$ cat my_file_5.cif   # mmCIF, C-alpha atoms
data_target
#
loop_
_atom_site.label_atom_id
_atom_site.label_comp_id
_atom_site.auth_asym_id
_atom_site.auth_seq_id
_atom_site.Cartn_x
_atom_site.Cartn_y
_atom_site.Cartn_z
CA SER A 1 -1.16 -1.04 1.26
CA GLN A 2 -4.54 -1.70 2.83
CA GLN A 3 -6.50 -1.17 -0.35
CA GLY A 4 -8.38 -3.66 -2.40
CA GLU A 5 -6.37 -4.25 -5.52
CA GLU A 6 -8.07 -5.54 -8.62
CA ASP A 7 -6.71 -7.58 -11.42
CA PRO A 8 -6.58 -7.54 -14.28
CA GLN A 9 -6.25 -3.79 -14.76
CA ALA A 10 -8.01 -4.14 -18.10
CA LEU A 11 -10.10 -6.90 -19.63
CA SER A 12 -11.52 -7.07 -23.14
CA ILE A 13 -14.04 -9.76 -24.06
CA GLN A 14 -16.74 -10.49 -26.61
CA GLU A 15 -20.40 -10.09 -25.88
CA GLY A 16 -21.82 -13.27 -24.42
CA GLU A 17 -18.59 -14.31 -22.73
CA ASN A 18 -18.08 -14.32 -18.97
CA ALA A 19 -15.87 -11.77 -17.27
CA THR A 20 -14.00 -12.47 -14.06
CA MET A 21 -12.34 -9.74 -12.04
CA ASN A 22 -10.33 -10.36 -8.92
CA CYS A 23 -9.65 -8.29 -5.84
CA SER A 24 -7.05 -8.79 -3.14
CA TYR A 25 -6.59 -7.03 0.15
CA LYS A 26 -4.16 -7.11 3.01
CA THR A 27 -5.99 -6.28 6.23
CA SER A 28 -9.10 -7.71 7.82
CA ILE A 29 -12.47 -6.70 6.47
CA ASN A 30 -15.98 -6.33 7.73
CA ASN A 31 -17.34 -6.49 4.23
CA LEU A 32 -16.32 -6.06 0.63
CA GLN A 33 -18.38 -4.05 -1.82
CA TRP A 34 -18.24 -4.05 -5.58
CA TYR A 35 -19.08 -1.00 -7.65
CA ARG A 36 -19.37 -0.15 -11.33
CA GLN A 37 -18.42 3.20 -12.80
CA ASN A 38 -19.11 4.28 -16.32
CA SER A 39 -16.60 6.73 -17.70
CA GLY A 40 -16.73 10.00 -15.79
CA ARG A 41 -19.90 9.04 -13.98
CA GLY A 42 -20.95 8.00 -10.50
CA LEU A 43 -20.38 4.77 -8.61
CA VAL A 44 -23.17 2.24 -8.85
CA HIS A 45 -23.36 -0.27 -6.02
CA LEU A 46 -23.42 -3.87 -7.25
CA ILE A 47 -23.01 -6.29 -4.36
CA LEU A 48 -21.94 -6.31 -0.73
CA ILE A 49 -20.48 -9.49 0.69
CA ARG A 50 -19.81 -9.77 4.40
CA SER A 51 -16.74 -11.37 5.91
CA ASN A 52 -18.74 -14.40 7.07
CA GLU A 53 -20.19 -15.03 3.61
CA ARG A 54 -18.56 -17.00 0.84
CA GLU A 55 -20.73 -16.31 -2.17
CA LYS A 56 -23.51 -13.98 -3.27
CA HIS A 57 -25.52 -13.67 -6.43
CA SER A 58 -27.40 -10.83 -8.02
CA GLY A 59 -28.79 -11.43 -11.50
CA ARG A 60 -25.82 -12.08 -13.79
CA LEU A 61 -23.35 -11.19 -11.05
CA ARG A 62 -21.64 -13.63 -8.74
CA VAL A 63 -19.25 -12.56 -6.02
CA THR A 64 -17.08 -14.91 -4.01
CA LEU A 65 -14.99 -14.17 -0.96
CA ASP A 66 -12.08 -16.17 0.43
CA THR A 67 -11.00 -14.57 3.67
CA SER A 68 -8.16 -17.06 4.13
CA LYS A 69 -6.62 -15.82 0.89
CA LYS A 70 -7.87 -12.26 1.39
CA SER A 71 -9.36 -12.24 -2.05
CA SER A 72 -12.67 -11.81 -3.81
CA SER A 73 -13.86 -12.24 -7.35
CA LEU A 74 -16.67 -10.75 -9.39
CA LEU A 75 -18.06 -12.84 -12.21
CA ILE A 76 -20.32 -11.32 -14.83
CA THR A 77 -21.99 -13.99 -16.91
CA ALA A 78 -23.26 -13.59 -20.46
CA SER A 79 -21.73 -10.14 -20.75
CA ARG A 80 -23.34 -7.37 -22.76
CA ALA A 81 -21.89 -4.29 -24.40
CA ALA A 82 -23.67 -2.25 -21.71
CA ASP A 83 -21.47 -3.92 -19.07
CA THR A 84 -18.52 -1.94 -20.40
CA ALA A 85 -17.31 0.07 -17.40
CA SER A 86 -14.72 0.16 -14.65
CA TYR A 87 -15.32 -2.20 -11.74
CA PHE A 88 -14.01 -1.51 -8.27
CA CYS A 89 -13.84 -3.48 -5.09
CA ALA A 90 -13.92 -1.54 -1.87
CA ARG A 91 -12.89 -2.88 1.50
CA GLY A 92 -15.19 -2.03 4.39
CA GLY A 93 -13.44 -2.09 7.72
CA SER A 94 -14.72 -1.73 11.25
CA ASN A 95 -14.65 2.05 10.92
CA TYR A 96 -17.20 1.94 8.08
CA LYS A 97 -15.16 3.88 5.53
CA LEU A 98 -14.46 2.20 2.21
CA THR A 99 -10.98 1.75 0.79
CA PHE A 100 -11.03 1.37 -2.96
CA GLY A 101 -8.73 -0.41 -5.35
CA LYS A 102 -7.62 0.90 -8.71
CA GLY A 103 -10.31 -0.95 -10.59
CA THR A 104 -10.61 -3.16 -13.64
CA LEU A 105 -11.58 -1.58 -16.94
CA LEU A 106 -13.91 -4.04 -18.67
CA THR A 107 -14.61 -3.66 -22.36
CA VAL A 108 -17.30 -5.85 -23.87
CA ASN A 109 -17.13 -5.86 -27.63
CA PRO A 110 -20.40 -6.33 -29.53
CA GLU B 1 -35.85 4.02 -5.52
CA PRO B 2 -34.20 6.44 -3.07
CA GLU B 3 -30.91 7.85 -4.21
CA VAL B 4 -28.18 10.23 -3.14
CA THR B 5 -28.21 13.50 -5.04
CA GLN B 6 -25.45 16.05 -5.45
CA THR B 7 -25.29 19.61 -6.71
CA PRO B 8 -23.85 21.11 -8.74
CA SER B 9 -22.79 18.46 -11.24
CA HIS B 10 -19.86 20.60 -12.31
CA GLN B 11 -18.21 23.52 -10.53
CA VAL B 12 -15.47 25.68 -11.98
CA THR B 13 -13.65 28.01 -9.63
CA GLN B 14 -10.54 30.12 -9.41
CA MET B 15 -7.67 29.06 -7.19
CA GLY B 16 -8.08 30.50 -3.71
CA GLN B 17 -11.86 30.69 -3.88
CA GLU B 18 -14.20 28.90 -1.51
CA VAL B 19 -16.55 26.24 -2.81
CA ILE B 20 -19.41 24.39 -1.20
CA LEU B 21 -20.47 21.06 -2.58
CA ARG B 22 -23.91 19.90 -1.64
CA CYS B 23 -25.38 16.48 -1.10
CA VAL B 24 -28.75 15.13 -0.11
CA PRO B 25 -28.25 11.64 1.34
CA ILE B 26 -30.93 8.98 1.32
CA SER B 27 -33.53 10.15 3.80
CA ASN B 28 -33.36 7.46 6.50
CA HIS B 29 -29.59 7.05 6.38
CA LEU B 30 -27.46 7.99 9.35
CA TYR B 31 -23.87 7.77 8.15
CA PHE B 32 -22.51 10.17 5.56
CA TYR B 33 -19.26 10.28 3.66
CA TRP B 34 -17.25 12.30 1.19
CA TYR B 35 -14.82 10.72 -1.22
CA ARG B 36 -12.89 12.15 -4.10
CA GLN B 37 -11.45 10.76 -7.31
CA ILE B 38 -8.74 12.61 -9.13
CA LEU B 39 -8.96 11.94 -12.87
CA GLY B 40 -7.57 8.51 -13.69
CA GLN B 41 -6.93 7.60 -10.07
CA LYS B 42 -8.66 5.57 -7.41
CA VAL B 43 -11.49 6.76 -5.22
CA GLU B 44 -10.14 8.15 -1.95
CA PHE B 45 -11.91 8.51 1.39
CA LEU B 46 -12.08 12.04 2.79
CA VAL B 47 -14.37 12.05 5.79
CA SER B 48 -17.18 10.22 7.54
CA PHE B 49 -19.91 11.89 9.57
CA TYR B 50 -22.34 10.50 12.10
CA ASN B 51 -24.52 12.00 14.79
CA ASN B 52 -23.56 15.52 13.73
CA GLU B 53 -19.87 15.06 14.09
CA ILE B 54 -16.89 13.78 12.13
CA SER B 55 -16.23 10.10 12.80
CA GLU B 56 -13.02 9.83 10.86
CA LYS B 57 -11.05 11.88 8.40
CA SER B 58 -8.17 11.12 6.10
CA GLU B 59 -4.87 12.94 5.74
CA ILE B 60 -6.33 14.69 2.70
CA PHE B 61 -9.00 16.31 4.86
CA ASP B 62 -6.91 19.14 6.23
CA ASP B 63 -7.94 22.47 7.71
CA GLN B 64 -9.10 23.71 4.33
CA PHE B 65 -11.95 21.22 4.38
CA SER B 66 -15.05 21.17 6.53
CA VAL B 67 -18.35 19.35 6.52
CA GLU B 68 -21.72 20.30 7.83
CA ARG B 69 -25.23 18.98 8.06
CA PRO B 70 -27.06 22.30 8.24
CA ASP B 71 -30.53 20.78 8.32
CA GLY B 72 -32.22 17.41 8.26
CA SER B 73 -31.52 16.71 4.64
CA ASN B 74 -28.37 18.40 3.33
CA PHE B 75 -24.75 17.40 3.85
CA THR B 76 -22.12 19.82 2.59
CA LEU B 77 -18.40 19.81 1.92
CA LYS B 78 -16.66 23.18 2.01
CA ILE B 79 -13.20 23.85 0.66
CA ARG B 80 -12.10 27.23 2.00
CA SER B 81 -9.29 28.14 -0.35
CA THR B 82 -9.13 25.87 -3.35
CA LYS B 83 -5.88 24.70 -4.86
CA LEU B 84 -5.22 23.36 -8.34
CA GLU B 85 -4.76 19.88 -6.87
CA ASP B 86 -8.28 19.96 -5.46
CA SER B 87 -9.57 19.41 -8.98
CA ALA B 88 -11.35 16.08 -8.83
CA MET B 89 -14.71 14.37 -8.80
CA TYR B 90 -16.22 14.56 -5.33
CA PHE B 91 -18.66 11.89 -4.29
CA CYS B 92 -21.05 11.90 -1.40
CA ALA B 93 -22.25 8.59 0.02
CA SER B 94 -24.60 7.45 2.73
CA THR B 95 -25.34 4.29 4.67
CA GLY B 96 -28.24 3.13 6.74
CA ALA B 97 -28.24 2.11 10.37
CA GLY B 98 -25.19 0.24 11.57
CA GLY B 99 -22.80 1.81 9.10
CA ILE B 100 -21.69 -1.57 7.86
CA ASN B 101 -24.21 -1.81 5.12
CA GLU B 102 -24.16 -0.80 1.50
CA GLN B 103 -22.77 2.66 0.83
CA PHE B 104 -24.75 4.38 -1.87
CA PHE B 105 -22.99 7.05 -3.83
CA GLY B 106 -24.27 10.16 -5.50
CA PRO B 107 -23.47 11.03 -9.11
CA GLY B 108 -20.61 13.28 -8.06
CA THR B 109 -19.58 16.91 -8.49
CA ARG B 110 -16.74 17.55 -10.87
CA LEU B 111 -14.66 20.38 -9.38
CA THR B 112 -12.28 22.19 -11.68
CA VAL B 113 -9.89 24.68 -10.10
CA LEU B 114 -8.25 27.09 -12.53
#

$ encode --input "my_file_5.cif" --output "structure tokens"
Amino acid sequence: SQQGEEDPQALSIQEGENATMNCSYKTSINNLQWYRQNSGRGLVHLILIRSNEREKHSGRLRVTLDTSKKSSSLLITASRAADTASYFCARGGSNYKLTFGKGTLLTVNP
Amino acid sequence: EPEVTQTPSHQVTQMGQEVILRCVPISNHLYFYWYRQILGQKVEFLVSFYNNEISEKSEIFDDQFSVERPDGSNFTLKIRSTKLEDSAMYFCASTGAGGINEQFFGPGTRLTVL
């Protein structure tokens, strides 16, 4: 499979805790993009990290990329109930299309 | 903030009917895409479009599907003869110059084929 694959499939935490989601892939990437999807809704772009980058931050989000291990992680710090959603990584190859993983369902309990 | 828009938000059709899903990409973007997500499954790539032609298409994008950019703003996906298995959420996305930048997605059209 060439897709990004996230783990865990589901994660339940308490508000205020940090949430870490991981993504693995098998083929080379140009970039890796993380998205959030609330139930039945659209995909909201969170962060893009390029293959020559190791870490990026955006507010409470931190994304790391290890191309030697073909893996990435998304860390959400100080989680809020509003962060409850599915999170997807998507591999961007040289042909520009995105290949999505199955996602992690994050539940943040108030 | 510019965003991708899609209409309609929900389309219900009978099997065998033609549907056209519409998208307005972000105005200065050059690369356009359609993806679909069957309920409970992962988002799947359908087709990419650049410079008024298809750049790449997936195995899903068979002869029943077509895309068009009829004017300077709209990007459409047509399904000629819908099947039950075409029921899914269809997302349009667009990217700026270079194609390797962030892909911004629209809110989706939920297609239900009865």

$ interface_residues --input "my_file_5.cif" --of "chain A" --to "chain B" --cutoff "8 Å" --atoms "all atoms listed in the file" --output "list in words"
Asn30, Asn31, Gln33, Arg41, Gly42, Leu43, Val44, His45, Leu48, Gly92, Ser94, Asn95, Tyr96, Lys97, Leu98, Thr99, Phe100, Gly101, Lys102 and Gly103 of chain A

$ residues_near_point --input "my_file_5.cif" --point "(-14.6, 22.5, -6.6)" --cutoff "12 Å" --atoms "only C-alpha atoms" --output "PyMOL selection string"
chain B and resi 7-22+36+38+65+77-91+108-114

$ atom_distance --input "my_file_5.cif" --atom1 "atom CA of Leu105 of chain A" --atom2 "atom CA of Asp83 of chain A"
10.4 Å

$ closest_atom_pairs --input "my_file_5.cif" --of "segment 61-82 of chain A" --to "segment 19-27 of chain A" --cutoff "9 Å" --atoms "only C-alpha atoms" --output "tab-separated table"
residue	atom	partner	partner_atom	distance
A:Lys69	CA	A:Ser24	CA	8.1
A:Lys70	CA	A:Tyr25	CA	5.5
A:Ser71	CA	A:Ser24	CA	4.3
A:Ser72	CA	A:Cys23	CA	5.1
A:Ser73	CA	A:Asn22	CA	4.3
A:Leu74	CA	A:Met21	CA	5.2
A:Leu75	CA	A:Thr20	CA	4.5
A:Ile76	CA	A:Ala19	CA	5.1
A:Thr77	CA	A:Ala19	CA	6.5
A:Ala78	CA	A:Ala19	CA	8.3
A:Ser79	CA	A:Ala19	CA	7.0

$ resolve_selection --input "my_file_5.cif" --expression "the PyMOL selection byres ((chain A and resi 51) around 9)" --output "list in words"
Ser28, Ile29, Asn30, Asn31, Leu32, Ile49, Arg50, Asn52, Glu53, Arg54, Leu65, Asp66 and Thr67 of chain A

$ atom_distance --input "my_file_5.cif" --atom1 "atom CA of Asn28 of chain B" --atom2 "atom CA of Pro70 of chain B"
16.2 Å

$ atom_distance --input "my_file_5.cif" --atom1 "atom CA of Thr104 of chain A" --atom2 "atom CA of Pro8 of chain A"
6.0 Å

$ resolve_selection --input "my_file_5.cif" --expression "the PyMOL selection byres ((chain A and resi 108) around 6)" --output "list in words"
Ser12, Ile13, Gln14, Glu15, Ala81, Thr84, Thr107 and Asn109 of chain A

$ residues_around --input "my_file_5.cif" --residues "Asn74 of chain B" --least-positions-apart "5" --cutoff "8 Å" --atoms "only C-alpha atoms" --output "VMD selection string"
chain B and resid 22 to 25 69

$ axis_aligned_box --input "my_file_5.cif" --around "segment 25-33 of chain B" --padding-each-side "8 Å" --output "JSON"
{"center_x": -26.4, "center_y": 9.3, "center_z": 5.3, "size_x": 30.3, "size_y": 20.6, "size_z": 24.0}

$ build_atoms --input "my_file_5.cif" --residues "segment 3-14 of chain A" --atoms "all heavy atoms" --output "PDB file, in the frame of the given file"
ATOM      1  N   GLN A   3      -5.406  -1.268   0.599  1.00  0.00           N
ATOM      2  CA  GLN A   3      -6.500  -1.170  -0.350  1.00  0.00           C
ATOM      3  C   GLN A   3      -6.833  -2.508  -0.959  1.00  0.00           C
ATOM      4  O   GLN A   3      -6.037  -3.425  -0.991  1.00  0.00           O
ATOM      5  CB  GLN A   3      -6.130  -0.216  -1.485  1.00  0.00           C
ATOM      6  CG  GLN A   3      -5.936   1.206  -1.079  1.00  0.00           C
ATOM      7  CD  GLN A   3      -4.485   1.528  -0.832  1.00  0.00           C
ATOM      8  OE1 GLN A   3      -3.729   0.673  -0.407  1.00  0.00           O
ATOM      9  NE2 GLN A   3      -4.105   2.750  -1.090  1.00  0.00           N
ATOM     10  N   GLY A   4      -8.066  -2.594  -1.487  1.00  0.00           N
ATOM     11  CA  GLY A   4      -8.380  -3.660  -2.400  1.00  0.00           C
ATOM     12  C   GLY A   4      -7.645  -3.392  -3.699  1.00  0.00           C
ATOM     13  O   GLY A   4      -7.588  -2.265  -4.156  1.00  0.00           O
ATOM     14  N   GLU A   5      -7.074  -4.403  -4.260  1.00  0.00           N
ATOM     15  CA  GLU A   5      -6.370  -4.250  -5.520  1.00  0.00           C
ATOM     16  C   GLU A   5      -6.973  -5.221  -6.506  1.00  0.00           C
ATOM     17  O   GLU A   5      -7.019  -6.418  -6.266  1.00  0.00           O
ATOM     18  CB  GLU A   5      -4.877  -4.505  -5.354  1.00  0.00           C
ATOM     19  CG  GLU A   5      -4.175  -3.569  -4.393  1.00  0.00           C
ATOM     20  CD  GLU A   5      -4.138  -2.126  -4.893  1.00  0.00           C
ATOM     21  OE1 GLU A   5      -4.431  -1.876  -6.080  1.00  0.00           O
ATOM     22  OE2 GLU A   5      -3.829  -1.242  -4.077  1.00  0.00           O
ATOM     23  N   GLU A   6      -7.429  -4.702  -7.636  1.00  0.00           N
ATOM     24  CA  GLU A   6      -8.070  -5.540  -8.620  1.00  0.00           C
ATOM     25  C   GLU A   6      -7.092  -6.016  -9.679  1.00  0.00           C
ATOM     26  O   GLU A   6      -6.134  -5.330 -10.012  1.00  0.00           O
ATOM     27  CB  GLU A   6      -9.213  -4.769  -9.323  1.00  0.00           C
ATOM     28  CG  GLU A   6     -10.367  -4.391  -8.411  1.00  0.00           C
ATOM     29  CD  GLU A   6     -10.169  -3.045  -7.775  1.00  0.00           C
ATOM     30  OE1 GLU A   6      -9.012  -2.584  -7.656  1.00  0.00           O
ATOM     31  OE2 GLU A   6     -11.168  -2.427  -7.391  1.00  0.00           O
ATOM     32  N   ASP A   7      -7.400  -7.173 -10.212  1.00  0.00           N
ATOM     33  CA  ASP A   7      -6.710  -7.580 -11.420  1.00  0.00           C
ATOM     34  C   ASP A   7      -7.687  -8.365 -12.280  1.00  0.00           C
ATOM     35  O   ASP A   7      -8.606  -8.975 -11.750  1.00  0.00           O
ATOM     36  CB  ASP A   7      -5.440  -8.395 -11.129  1.00  0.00           C
ATOM     37  CG  ASP A   7      -5.738  -9.821 -10.725  1.00  0.00           C
ATOM     38  OD1 ASP A   7      -5.866 -10.670 -11.636  1.00  0.00           O
ATOM     39  OD2 ASP A   7      -5.856 -10.066  -9.521  1.00  0.00           O
ATOM     40  N   PRO A   8      -7.588  -8.340 -13.598  1.00  0.00           N
ATOM     41  CA  PRO A   8      -6.580  -7.540 -14.280  1.00  0.00           C
ATOM     42  C   PRO A   8      -6.898  -6.052 -14.242  1.00  0.00           C
ATOM     43  O   PRO A   8      -7.986  -5.665 -13.858  1.00  0.00           O
ATOM     44  CB  PRO A   8      -6.663  -8.074 -15.715  1.00  0.00           C
ATOM     45  CG  PRO A   8      -8.098  -8.473 -15.858  1.00  0.00           C
ATOM     46  CD  PRO A   8      -8.500  -9.013 -14.509  1.00  0.00           C
ATOM     47  N   GLN A   9      -5.980  -5.224 -14.677  1.00  0.00           N
ATOM     48  CA  GLN A   9      -6.250  -3.790 -14.760  1.00  0.00           C
ATOM     49  C   GLN A   9      -7.219  -3.496 -15.905  1.00  0.00           C
ATOM     50  O   GLN A   9      -8.000  -2.555 -15.832  1.00  0.00           O
ATOM     51  CB  GLN A   9      -4.955  -3.003 -14.963  1.00  0.00           C
ATOM     52  CG  GLN A   9      -4.070  -2.987 -13.735  1.00  0.00           C
ATOM     53  CD  GLN A   9      -2.880  -2.068 -13.904  1.00  0.00           C
ATOM     54  OE1 GLN A   9      -2.395  -1.874 -15.014  1.00  0.00           O
ATOM     55  NE2 GLN A   9      -2.411  -1.496 -12.816  1.00  0.00           N
ATOM     56  N   ALA A  10      -7.117  -4.314 -16.954  1.00  0.00           N
ATOM     57  CA  ALA A  10      -8.010  -4.140 -18.100  1.00  0.00           C
ATOM     58  C   ALA A  10      -8.367  -5.512 -18.643  1.00  0.00           C
ATOM     59  O   ALA A  10      -7.543  -6.427 -18.629  1.00  0.00           O
ATOM     60  CB  ALA A  10      -7.356  -3.284 -19.179  1.00  0.00           C
ATOM     61  N   LEU A  11      -9.606  -5.632 -19.110  1.00  0.00           N
ATOM     62  CA  LEU A  11     -10.100  -6.900 -19.630  1.00  0.00           C
ATOM     63  C   LEU A  11     -10.997  -6.603 -20.809  1.00  0.00           C
ATOM     64  O   LEU A  11     -11.918  -5.788 -20.702  1.00  0.00           O
ATOM     65  CB  LEU A  11     -10.891  -7.620 -18.530  1.00  0.00           C
ATOM     66  CG  LEU A  11     -11.522  -8.969 -18.857  1.00  0.00           C
ATOM     67  CD1 LEU A  11     -10.444  -9.980 -19.225  1.00  0.00           C
ATOM     68  CD2 LEU A  11     -12.324  -9.469 -17.667  1.00  0.00           C
ATOM     69  N   SER A  12     -10.724  -7.266 -21.934  1.00  0.00           N
ATOM     70  CA  SER A  12     -11.520  -7.070 -23.140  1.00  0.00           C
ATOM     71  C   SER A  12     -12.087  -8.412 -23.574  1.00  0.00           C
ATOM     72  O   SER A  12     -11.336  -9.369 -23.763  1.00  0.00           O
ATOM     73  CB  SER A  12     -10.668  -6.464 -24.253  1.00  0.00           C
ATOM     74  OG  SER A  12     -11.453  -6.237 -25.415  1.00  0.00           O
ATOM     75  N   ILE A  13     -13.405  -8.496 -23.695  1.00  0.00           N
ATOM     76  CA  ILE A  13     -14.040  -9.760 -24.060  1.00  0.00           C
ATOM     77  C   ILE A  13     -15.115  -9.502 -25.116  1.00  0.00           C
ATOM     78  O   ILE A  13     -15.477  -8.353 -25.381  1.00  0.00           O
ATOM     79  CB  ILE A  13     -14.691 -10.434 -22.825  1.00  0.00           C
ATOM     80  CG1 ILE A  13     -15.747  -9.514 -22.193  1.00  0.00           C
ATOM     81  CG2 ILE A  13     -13.631 -10.834 -21.819  1.00  0.00           C
ATOM     82  CD1 ILE A  13     -16.528 -10.170 -21.067  1.00  0.00           C
ATOM     83  N   GLN A  14     -15.640 -10.578 -25.656  1.00  0.00           N
ATOM     84  CA  GLN A  14     -16.740 -10.490 -26.610  1.00  0.00           C
ATOM     85  C   GLN A  14     -18.068 -10.627 -25.887  1.00  0.00           C
ATOM     86  O   GLN A  14     -18.164 -11.315 -24.858  1.00  0.00           O
ATOM     87  CB  GLN A  14     -16.616 -11.581 -27.677  1.00  0.00           C
ATOM     88  CG  GLN A  14     -15.395 -11.467 -28.577  1.00  0.00           C
ATOM     89  CD  GLN A  14     -15.383 -10.160 -29.352  1.00  0.00           C
ATOM     90  OE1 GLN A  14     -14.458  -9.356 -29.213  1.00  0.00           O
ATOM     91  NE2 GLN A  14     -16.428  -9.945 -30.138  1.00  0.00           N
TER      92      GLN A  14
END
